[in-house]
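Colleague: Next comes input.pdb, PDB, C-alpha atoms:
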MODEL        1
ATOM      1  CA  MET A   1      71.293 141.692 235.955
ATOM      2  CA  THR A   2      69.918 141.906 239.485
ATOM      3  CA  VAL A   3      71.732 141.129 242.688
ATOM      4  CA  PHE A   4      69.853 137.857 243.127
ATOM      5  CA  GLU A   5      71.022 136.508 239.803
ATOM      6  CA  LEU A   6      74.566 137.316 240.911
ATOM      7  CA  LEU A   7      74.517 136.167 244.488
ATOM      8  CA  ASN A   8      71.590 134.311 245.907
ATOM      9  CA  CYS A   9      72.006 130.881 244.408
ATOM     10  CA  VAL A  10      75.565 130.484 245.695
ATOM     11  CA  ALA A  11      75.749 132.676 248.775
ATOM     12  CA  TYR A  12      74.919 130.497 251.731
ATOM     13  CA  PRO A  13      73.903 126.910 252.348
ATOM     14  CA  GLN A  14      70.133 126.623 252.547
ATOM     15  CA  ALA A  15      68.689 125.288 255.763
ATOM     16  CA  LYS A  16      67.353 121.780 255.243
ATOM     17  CA  ARG A  17      63.885 122.422 256.655
ATOM     18  CA  VAL A  18      61.670 124.788 258.547
ATOM     19  CA  SER A  19      62.601 124.674 262.207
ATOM     20  CA  ALA A  20      60.911 121.821 264.006
ATOM     21  CA  MET A  21      60.303 124.097 266.970
ATOM     22  CA  MET A  22      58.142 127.019 265.876
ATOM     23  CA  PRO A  23      58.046 129.362 268.859
ATOM     24  CA  HIS A  24      55.377 131.825 269.878
ATOM     25  CA  ALA A  25      54.613 134.937 267.861
ATOM     26  CA  GLU A  26      57.240 137.123 269.522
ATOM     27  CA  GLY A  27      60.004 134.687 268.604
ATOM     28  CA  ARG A  28      58.783 134.609 265.039
ATOM     29  CA  ASP A  29      58.578 138.394 264.903
ATOM     30  CA  LEU A  30      62.136 138.723 266.192
ATOM     31  CA  VAL A  31      63.482 136.390 263.494
ATOM     32  CA  LEU A  32      61.376 138.011 260.773
ATOM     33  CA  SER A  33      62.627 141.499 261.626
ATOM     34  CA  PHE A  34      66.225 140.245 261.754
ATOM     35  CA  ALA A  35      65.819 138.531 258.374
ATOM     36  CA  ASP A  36      64.293 141.654 256.835
ATOM     37  CA  ASP A  37      67.219 143.738 258.147
ATOM     38  CA  GLU A  38      69.695 141.324 256.600
ATOM     39  CA  LEU A  39      67.822 141.226 253.291
ATOM     40  CA  CYS A  40      67.739 145.016 252.979
ATOM     41  CA  VAL A  41      71.358 145.570 253.982
ATOM     42  CA  GLY A  42      72.572 142.740 251.743
ATOM     43  CA  GLN A  43      70.658 144.192 248.799
ATOM     44  CA  ASN A  44      72.022 147.668 249.518
ATOM     45  CA  HIS A  45      75.608 146.431 249.841
ATOM     46  CA  ALA A  46      75.269 144.595 246.548
ATOM     47  CA  TRP A  47      74.379 147.844 244.765
ATOM     48  CA  TRP A  48      78.095 148.668 244.990
ATOM     49  CA  ILE A  49      79.177 145.672 242.913
ATOM     50  CA  ALA A  50      81.598 146.939 240.230
ATOM     51  CA  ILE A  51      81.253 150.574 241.353
ATOM     52  CA  GLY A  52      83.034 150.488 244.723
ATOM     53  CA  PRO A  53      85.605 153.249 245.321
ATOM     54  CA  PHE A  54      88.519 150.863 244.742
ATOM     55  CA  LEU A  55      88.907 147.231 243.714
ATOM     56  CA  GLU A  56      89.660 145.724 247.136
ATOM     57  CA  GLU A  57      86.599 147.402 248.626
ATOM     58  CA  ASP A  58      84.452 146.374 245.698
ATOM     59  CA  LEU A  59      85.380 142.736 246.275
ATOM     60  CA  ALA A  60      85.059 142.920 250.065
ATOM     61  CA  LEU A  61      81.603 144.495 250.052
ATOM     62  CA  THR A  62      80.425 142.019 247.422
ATOM     63  CA  SER A  63      81.468 139.176 249.728
ATOM     64  CA  ILE A  64      79.783 140.806 252.711
ATOM     65  CA  ALA A  65      76.591 141.371 250.708
ATOM     66  CA  GLN A  66      76.619 137.692 249.837
ATOM     67  CA  ASP A  67      76.895 136.752 253.515
ATOM     68  CA  GLU A  68      74.071 139.070 254.573
ATOM     69  CA  LEU A  69      71.730 137.735 251.899
ATOM     70  CA  GLY A  70      72.639 134.212 252.974
ATOM     71  CA  HIS A  71      71.831 135.053 256.589
ATOM     72  CA  ALA A  72      68.465 136.444 255.492
ATOM     73  CA  ARG A  73      67.688 133.280 253.570
ATOM     74  CA  SER A  74      68.612 131.035 256.488
ATOM     75  CA  LEU A  75      66.482 133.074 258.903
ATOM     76  CA  TYR A  76      63.494 133.007 256.545
ATOM     77  CA  THR A  77      63.901 129.254 256.219
ATOM     78  CA  LEU A  78      63.317 128.915 259.965
ATOM     79  CA  LEU A  79      59.879 130.422 259.418
ATOM     80  CA  SER A  80      58.622 129.047 256.109
ATOM     81  CA  ASP A  81      59.232 126.505 253.380
ATOM     82  CA  ASP A  82      58.355 129.184 250.805
ATOM     83  CA  VAL A  83      61.293 131.517 251.270
ATOM     84  CA  ASP A  84      60.604 133.497 248.078
ATOM     85  CA  GLN A  85      57.064 134.318 249.143
ATOM     86  CA  LEU A  86      58.195 135.379 252.593
ATOM     87  CA  ALA A  87      61.109 137.455 251.321
ATOM     88  CA  TYR A  88      59.485 139.069 248.290
ATOM     89  CA  GLY A  89      55.758 138.330 248.301
ATOM     90  CA  ARG A  90      54.623 140.486 251.199
ATOM     91  CA  LYS A  91      53.036 143.915 251.038
ATOM     92  CA  GLU A  92      55.282 146.774 252.089
ATOM     93  CA  ALA A  93      53.513 147.202 255.434
ATOM     94  CA  GLU A  94      54.222 143.540 256.265
ATOM     95  CA  TYR A  95      57.994 144.023 256.294
ATOM     96  CA  ARG A  96      59.612 144.628 259.675
ATOM     97  CA  SER A  97      63.041 145.961 258.698
ATOM     98  CA  ALA A  98      64.604 148.877 260.567
ATOM     99  CA  HIS A  99      64.703 152.074 258.530
ATOM    100  CA  ILE A 100      68.504 152.282 258.714
ATOM    101  CA  ALA A 101      68.681 148.952 256.873
ATOM    102  CA  GLU A 102      66.366 150.169 254.109
ATOM    103  CA  LEU A 103      68.143 153.432 253.261
ATOM    104  CA  LEU A 104      69.819 153.278 249.845
ATOM    105  CA  CYS A 105      73.006 155.081 250.958
ATOM    106  CA  HIS A 106      74.285 155.591 247.419
ATOM    107  CA  ASP A 107      76.969 157.927 248.705
ATOM    108  CA  TRP A 108      80.025 155.901 249.751
ATOM    109  CA  SER A 109      80.475 157.760 253.057
ATOM    110  CA  TRP A 110      76.946 156.899 254.097
ATOM    111  CA  ALA A 111      77.232 153.302 252.896
ATOM    112  CA  LEU A 112      80.399 152.774 254.942
ATOM    113  CA  VAL A 113      78.945 154.305 258.111
ATOM    114  CA  ARG A 114      75.780 152.200 257.810
ATOM    115  CA  HIS A 115      77.953 149.132 257.192
ATOM    116  CA  VAL A 116      79.799 149.662 260.498
ATOM    117  CA  LEU A 117      76.731 150.577 262.552
ATOM    118  CA  HIS A 118      74.895 147.544 261.207
ATOM    119  CA  ASP A 119      77.724 145.133 261.906
ATOM    120  CA  ILE A 120      78.244 146.343 265.467
ATOM    121  CA  ALA A 121      74.545 145.636 265.978
ATOM    122  CA  GLU A 122      74.732 142.280 264.225
ATOM    123  CA  GLN A 123      77.577 141.015 266.366
ATOM    124  CA  ILE A 124      75.559 141.833 269.483
ATOM    125  CA  ARG A 125      72.294 140.414 268.129
ATOM    126  CA  TRP A 126      73.796 137.151 266.899
ATOM    127  CA  SER A 127      75.702 136.733 270.182
ATOM    128  CA  ALA A 128      72.426 137.041 272.091
ATOM    129  CA  LEU A 129      71.009 134.140 270.035
ATOM    130  CA  VAL A 130      73.862 131.715 270.718
ATOM    131  CA  GLY A 131      72.511 129.296 273.303
ATOM    132  CA  SER A 132      68.896 130.087 272.396
ATOM    133  CA  SER A 133      66.267 127.526 273.331
ATOM    134  CA  TRP A 134      65.318 127.606 269.642
ATOM    135  CA  GLU A 135      68.106 125.218 268.705
ATOM    136  CA  ASP A 136      68.092 125.802 264.944
ATOM    137  CA  LEU A 137      68.353 129.530 265.563
ATOM    138  CA  SER A 138      71.221 129.023 268.002
ATOM    139  CA  HIS A 139      73.155 126.914 265.495
ATOM    140  CA  LEU A 140      72.614 129.537 262.794
ATOM    141  CA  ALA A 141      73.830 132.260 265.157
ATOM    142  CA  GLU A 142      77.045 130.377 265.902
ATOM    143  CA  ARG A 143      77.810 130.102 262.197
ATOM    144  CA  ALA A 144      76.856 133.676 261.350
ATOM    145  CA  LEU A 145      78.809 135.166 264.226
ATOM    146  CA  GLY A 146      82.129 134.088 262.753
ATOM    147  CA  GLU A 147      81.316 135.877 259.508
ATOM    148  CA  GLU A 148      80.163 138.997 261.324
ATOM    149  CA  GLN A 149      83.507 139.301 263.079
ATOM    150  CA  PHE A 150      85.139 139.638 259.656
ATOM    151  CA  HIS A 151      82.520 142.143 258.508
ATOM    152  CA  LEU A 152      83.024 144.359 261.542
ATOM    153  CA  GLN A 153      86.803 144.151 261.393
ATOM    154  CA  HIS A 154      86.727 145.140 257.737
ATOM    155  CA  GLY A 155      84.349 148.075 258.144
ATOM    156  CA  SER A 156      85.724 149.531 261.363
ATOM    157  CA  SER A 157      89.318 149.321 260.102
ATOM    158  CA  LEU A 158      88.524 151.286 256.964
ATOM    159  CA  LEU A 159      86.353 153.760 258.837
ATOM    160  CA  SER A 160      89.066 154.408 261.419
ATOM    161  CA  ARG A 161      91.660 155.082 258.729
ATOM    162  CA  LEU A 162      89.392 157.597 257.058
ATOM    163  CA  LEU A 163      88.432 159.319 260.316
ATOM    164  CA  ALA A 164      92.105 159.813 261.149
ATOM    165  CA  ASP A 165      92.234 162.253 258.229
ATOM    166  CA  GLU A 166      90.646 165.702 258.529
ATOM    167  CA  ARG A 167      89.003 165.519 255.124
ATOM    168  CA  GLY A 168      87.695 162.052 255.937
ATOM    169  CA  GLN A 169      86.136 163.364 259.139
ATOM    170  CA  GLN A 170      84.431 166.168 257.236
ATOM    171  CA  ARG A 171      82.843 163.694 254.847
ATOM    172  CA  LEU A 172      81.909 161.005 257.344
ATOM    173  CA  THR A 173      80.716 163.015 260.343
ATOM    174  CA  PRO A 174      77.346 164.106 258.860
ATOM    175  CA  ALA A 175      76.532 160.476 258.021
ATOM    176  CA  ILE A 176      77.526 159.323 261.508
ATOM    177  CA  LEU A 177      75.408 161.955 263.262
ATOM    178  CA  GLU A 178      72.325 161.206 261.157
ATOM    179  CA  LEU A 179      72.520 157.426 260.869
ATOM    180  CA  ALA A 180      73.669 156.433 264.353
ATOM    181  CA  PRO A 181      70.422 157.373 266.152
ATOM    182  CA  LEU A 182      68.471 155.274 263.619
ATOM    183  CA  GLY A 183      70.439 152.200 264.695
ATOM    184  CA  ARG A 184      68.515 152.026 267.956
ATOM    185  CA  GLU A 185      65.615 150.527 266.023
ATOM    186  CA  TYR A 186      67.554 147.296 265.573
ATOM    187  CA  PHE A 187      66.688 146.522 269.188
ATOM    188  CA  VAL A 188      62.986 147.394 269.178
ATOM    189  CA  SER A 189      60.819 144.450 270.193
ATOM    190  CA  SER A 190      58.606 143.278 272.996
ATOM    191  CA  ASP A 191      61.015 140.834 274.645
ATOM    192  CA  LYS A 192      59.295 139.752 277.846
ATOM    193  CA  HIS A 193      58.496 136.270 276.588
ATOM    194  CA  LEU A 194      61.695 136.069 274.537
ATOM    195  CA  ILE A 195      63.668 136.075 277.773
ATOM    196  CA  GLU A 196      61.207 133.884 279.659
ATOM    197  CA  ASN A 197      61.317 131.229 276.948
ATOM    198  CA  GLY A 198      65.038 131.490 276.373
ATOM    199  CA  ILE A 199      64.776 132.633 272.749
ATOM    200  CA  VAL A 200      67.373 135.321 273.464
ATOM    201  CA  THR A 201      70.023 135.219 276.169
ATOM    202  CA  MET A 202      70.246 139.000 276.687
ATOM    203  CA  PRO A 203      67.326 141.448 276.953
ATOM    204  CA  LEU A 204      66.976 143.740 273.973
ATOM    205  CA  ALA A 205      67.365 146.791 276.202
ATOM    206  CA  ALA A 206      70.745 145.469 277.333
ATOM    207  CA  GLN A 207      71.699 144.717 273.731
ATOM    208  CA  GLU A 208      70.769 148.261 272.756
ATOM    209  CA  GLN A 209      72.825 149.780 275.552
ATOM    210  CA  LEU A 210      75.809 147.653 274.590
ATOM    211  CA  TRP A 211      75.465 148.852 270.990
ATOM    212  CA  ILE A 212      75.254 152.486 272.121
ATOM    213  CA  ASP A 213      78.317 152.047 274.339
ATOM    214  CA  GLN A 214      80.383 150.445 271.581
ATOM    215  CA  THR A 215      79.284 152.978 268.983
ATOM    216  CA  THR A 216      79.954 155.876 271.348
ATOM    217  CA  GLY A 217      83.411 154.518 272.155
ATOM    218  CA  LEU A 218      84.299 154.107 268.485
ATOM    219  CA  PHE A 219      83.472 157.696 267.535
ATOM    220  CA  LYS A 220      84.382 159.497 270.755
ATOM    221  CA  GLN A 221      88.073 158.981 270.031
ATOM    222  CA  TYR A 222      87.577 161.247 267.006
ATOM    223  CA  ASP A 223      85.635 163.822 269.089
ATOM    224  CA  ILE A 224      82.366 162.889 267.385
ATOM    225  CA  ILE A 225      79.593 163.011 269.990
ATOM    226  CA  ILE A 226      76.305 161.380 269.020
ATOM    227  CA  ASP A 227      72.887 162.319 270.374
ATOM    228  CA  PHE A 228      71.036 158.993 270.321
ATOM    229  CA  GLY A 229      67.824 160.443 271.742
ATOM    230  CA  SER A 230      65.620 158.718 274.272
ATOM    231  CA  GLU A 231      63.523 156.645 271.856
ATOM    232  CA  ALA A 232      64.052 154.857 268.556
ATOM    233  CA  PRO A 233      63.397 157.538 265.907
ATOM    234  CA  SER A 234      61.789 155.294 263.285
ATOM    235  CA  ALA A 235      58.964 152.768 263.162
ATOM    236  CA  GLY A 236      59.925 150.064 260.695
ATOM    237  CA  ARG A 237      59.091 147.342 263.206
ATOM    238  CA  SER A 238      55.498 148.600 263.179
ATOM    239  CA  GLY A 239      55.155 148.294 259.409
ATOM    240  CA  ILE A 240      55.914 151.907 258.495
ATOM    241  CA  ARG A 241      58.458 151.935 255.690
ATOM    242  CA  SER A 242      61.199 154.450 255.048
ATOM    243  CA  HIS A 243      61.170 156.789 252.047
ATOM    244  CA  ASP A 244      63.734 154.536 250.302
ATOM    245  CA  PHE A 245      61.954 151.212 250.755
ATOM    246  CA  ALA A 246      59.791 151.369 247.620
ATOM    247  CA  ALA A 247      62.841 151.770 245.378
ATOM    248  CA  LEU A 248      64.705 149.039 247.226
ATOM    249  CA  HIS A 249      61.747 146.656 247.007
ATOM    250  CA  GLU A 250      61.403 147.387 243.295
ATOM    251  CA  GLU A 251      65.014 146.295 242.844
ATOM    252  CA  MET A 252      64.640 143.219 245.065
ATOM    253  CA  THR A 253      61.614 141.886 243.212
ATOM    254  CA  ALA A 254      62.758 142.635 239.645
ATOM    255  CA  VAL A 255      63.495 139.005 238.783
ATOM    256  CA  LEU A 256      60.155 137.722 240.073
ATOM    257  CA  ARG A 257      58.290 140.288 238.015
ATOM    258  CA  ILE A 258      60.124 139.080 234.915
ATOM    259  CA  ASP A 259      59.838 135.387 235.790
ATOM    260  CA  PRO A 260      57.327 134.512 238.541
ATOM    261  CA  GLN A 261      58.725 130.959 238.606
ATOM    262  CA  ALA A 262      62.246 132.113 239.511
ATOM    263  CA  GLN A 263      63.513 130.782 242.832
ATOM    264  CA  TRP A 264      66.049 132.105 245.324
TER     265      TRP A 264
ENDMDL
END
Could the structure of this file be written out as structure tokens, please?

Modeller:
Amino acid sequence: MTVFELLNCVAYPQAKRVSAMMPHAEGRDLVLSFADDELCVGQNHAWWIAIGPFLEEDLALTSIAQDELGHARSLYTLLSDDVDQLAYGRKEAEYRSAHIAELLCHDWSWALVRHVLHDIAEQIRWSALVGSSWEDLSHLAERALGEEQFHLQHGSSLLSRLLADERGQQRLTPAILELAPLGREYFVSSDKHLIENGIVTMPLAAQEQLWIDQTTGLFKQYDIIIDFGSEAPSAGRSGIRSHDFAALHEEMTAVLRIDPQAQW
């Protein structure tokens, strides 16, 4: 049974219609990339259903996966009435997800680190959409932000407990050092008109710096120093997919290959 049979029909209330205000291309691209990030991370979180390291974590990550897939669906609904086609019917090069969101992370240490890095970014990104001139997007952001606060609290609490232990640091540090620089791609976009038109309330460069500051502060207390580099190290926003995307996409589209009439 795939993740969509388990989660998608019950995860999140579907938006009633495509947004009445369809903004310029940059606004659409921003929402599409955000939705693709949420879709990939939700799918990856859901891989851990029934195989999490302990029962409480299994249940928590299942709930978080459900939320992320629901956020993806609601974002896609702002762009199209045919959510299934938009989510699953595109060619690989037409996706705009960040590479960090696509990585399978089938080692628990890596899955947990990606979970925290992603949710720090999400809290910042959703906050920058509250008050957007795209009213439907602003309302969605207000609703999603409350859920993201739980996600971040959950992930950072567990991560901090593990990093307080020497063996935990040994296992988690390699994942932190490799994944953290990839998180900069969450904030890659041409945002000149996004600010001018009020689609976002904080420039993406400022969002990125806030994410770097918060991430640095979280790990510095454990003497983990991250080299973020000067540029985003991956190009998912440009249509170049990570080495894990093909396998992830195969999993995401399994139901539609079996039954082309299946609906999210």

Colleague: Restrict the calculation to all atoms listed in the file, then for each residue of range 55-98 of chain A with any atom at most 12 Å from an atom of range 181-196 of chain A give the closest atom pair and their distance in Å to one decimal, rows by chain and rising residue number, as JSON lines.

Modeller:
{"residue": "A:Arg96", "atom": "CA", "partner": "A:Tyr186", "partner_atom": "CA", "distance": 10.2}
{"residue": "A:Ser97", "atom": "CA", "partner": "A:Tyr186", "partner_atom": "CA", "distance": 8.3}
{"residue": "A:Ala98", "atom": "CA", "partner": "A:Glu185", "partner_atom": "CA", "distance": 5.8}

Colleague: Would you compute the distance between CA of Val130 in chain A and CA of Glu142 in chain A? Give it in Å to one decimal.

Modeller: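 Computed distance, CA of Val130 in chain A to CA of Glu142 in chain A, equals 5.9 Å.
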
Colleague: What are the closest atom pairs, with distances in Å to one decimal, for all residues of range 140-251 of chain A lying within 12 Å of range 255-258 of chain A? Consider only C-alpha atoms, order rows by chain and residue number, and present the result as CSV.

Modeller:
residue,atom,partner,partner_atom,distance
A:His249,CA,A:Val255,CA,11.4
A:Glu250,CA,A:Arg257,CA,9.4
A:Glu251,CA,A:Val255,CA,8.5

Colleague: List as a VMD selection string the protein and nucleic acid residues near range 30-34 of chain A, meaning an atom at most 12 Å away when all atoms listed in the file are counted, but skip any in the same chain fewer than 6 places from it.

Modeller: chain A and resid 19 22 to 24 40 to 41 68 to 69 71 to 80 83 86 to 87 90 94 to 99 101 118 121 to 122 125 to 126 128 to 129 134 136 to 138 140 to 141 185 to 191 193 to 195 199 to 200 204 235 to 239

Colleague: In Å, with one decimal, what is the gap from CA of Ala111 in chain A to CA of Ala144 in chain A?

Modeller: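 Value for the CA of Ala111 in chain A-CA of Ala144 in chain A distance: 21.4 Å.
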
Colleague: Quick one: everything within 10 Å of range 150-156 of chain A, counting only C-alpha atoms, minus sequence neighbours fewer than 2 positions away in the same chain. Send it as a PyMOL selection string.

Modeller: chain A and resi 57+60-61+63-65+67-68+112-123+145-148+158-162+218

Colleague: Go ahead and compute the interatomic distance for CA of Trp48 in chain A and CA of Gln263 in chain A, in Å to one decimal.

Modeller: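 Straight-line distance from CA of Trp48 in chain A to CA of Gln263 in chain A works out to 23.2 Å.
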
Colleague: Can you translate the PyMOL selection byres ((chain A and resi 44) around 8) into the concrete residues it hits in this file, as a VMD selection string?

Modeller: chain A and resid 40 to 43 45 to 48 65 102 to 105 248

Colleague: My list of candidates is A:Ile49, A:Ile100, A:Ile225, A:Leu59. Which is closest to Asp213 in chain A when distances are computed with all atoms listed in the file?

Modeller: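 Closest candidate: A:Ile225.
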
Colleague: Report as AutoDock Vina command-line options the centre and the edge lengths, in Å to one decimal, of the axis-aligned box holding every listed atom of range 37-48 of chain A, padded by 4 Å on each side.

Modeller:
--center_x 72.7 --center_y 144.9 --center_z 251.5 --size_x 18.9 --size_y 15.4 --size_z 21.4

Colleague: Using only C-alpha atoms, which residue out of A:Leu55, A:Ala93, A:Ala247, A:Ile224 lies closest to Leu172 in chain A?

Modeller: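 Distance minimum relative to Leu172 in chain A lands on A:Ile224.
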
Colleague: Which of these, A:Gln170, A:Leu210, A:Gly217, A:Glu92, has the shortest distance to His243 in chain A once you count all atoms listed in the file?

Modeller: A:Glu92

Colleague: For Tyr222 in chain A, which residue out of A:Ala180, A:Ala254, A:Leu163, A:Ala262 is the nearest one, using all atoms listed in the file?

Modeller: A:Leu163
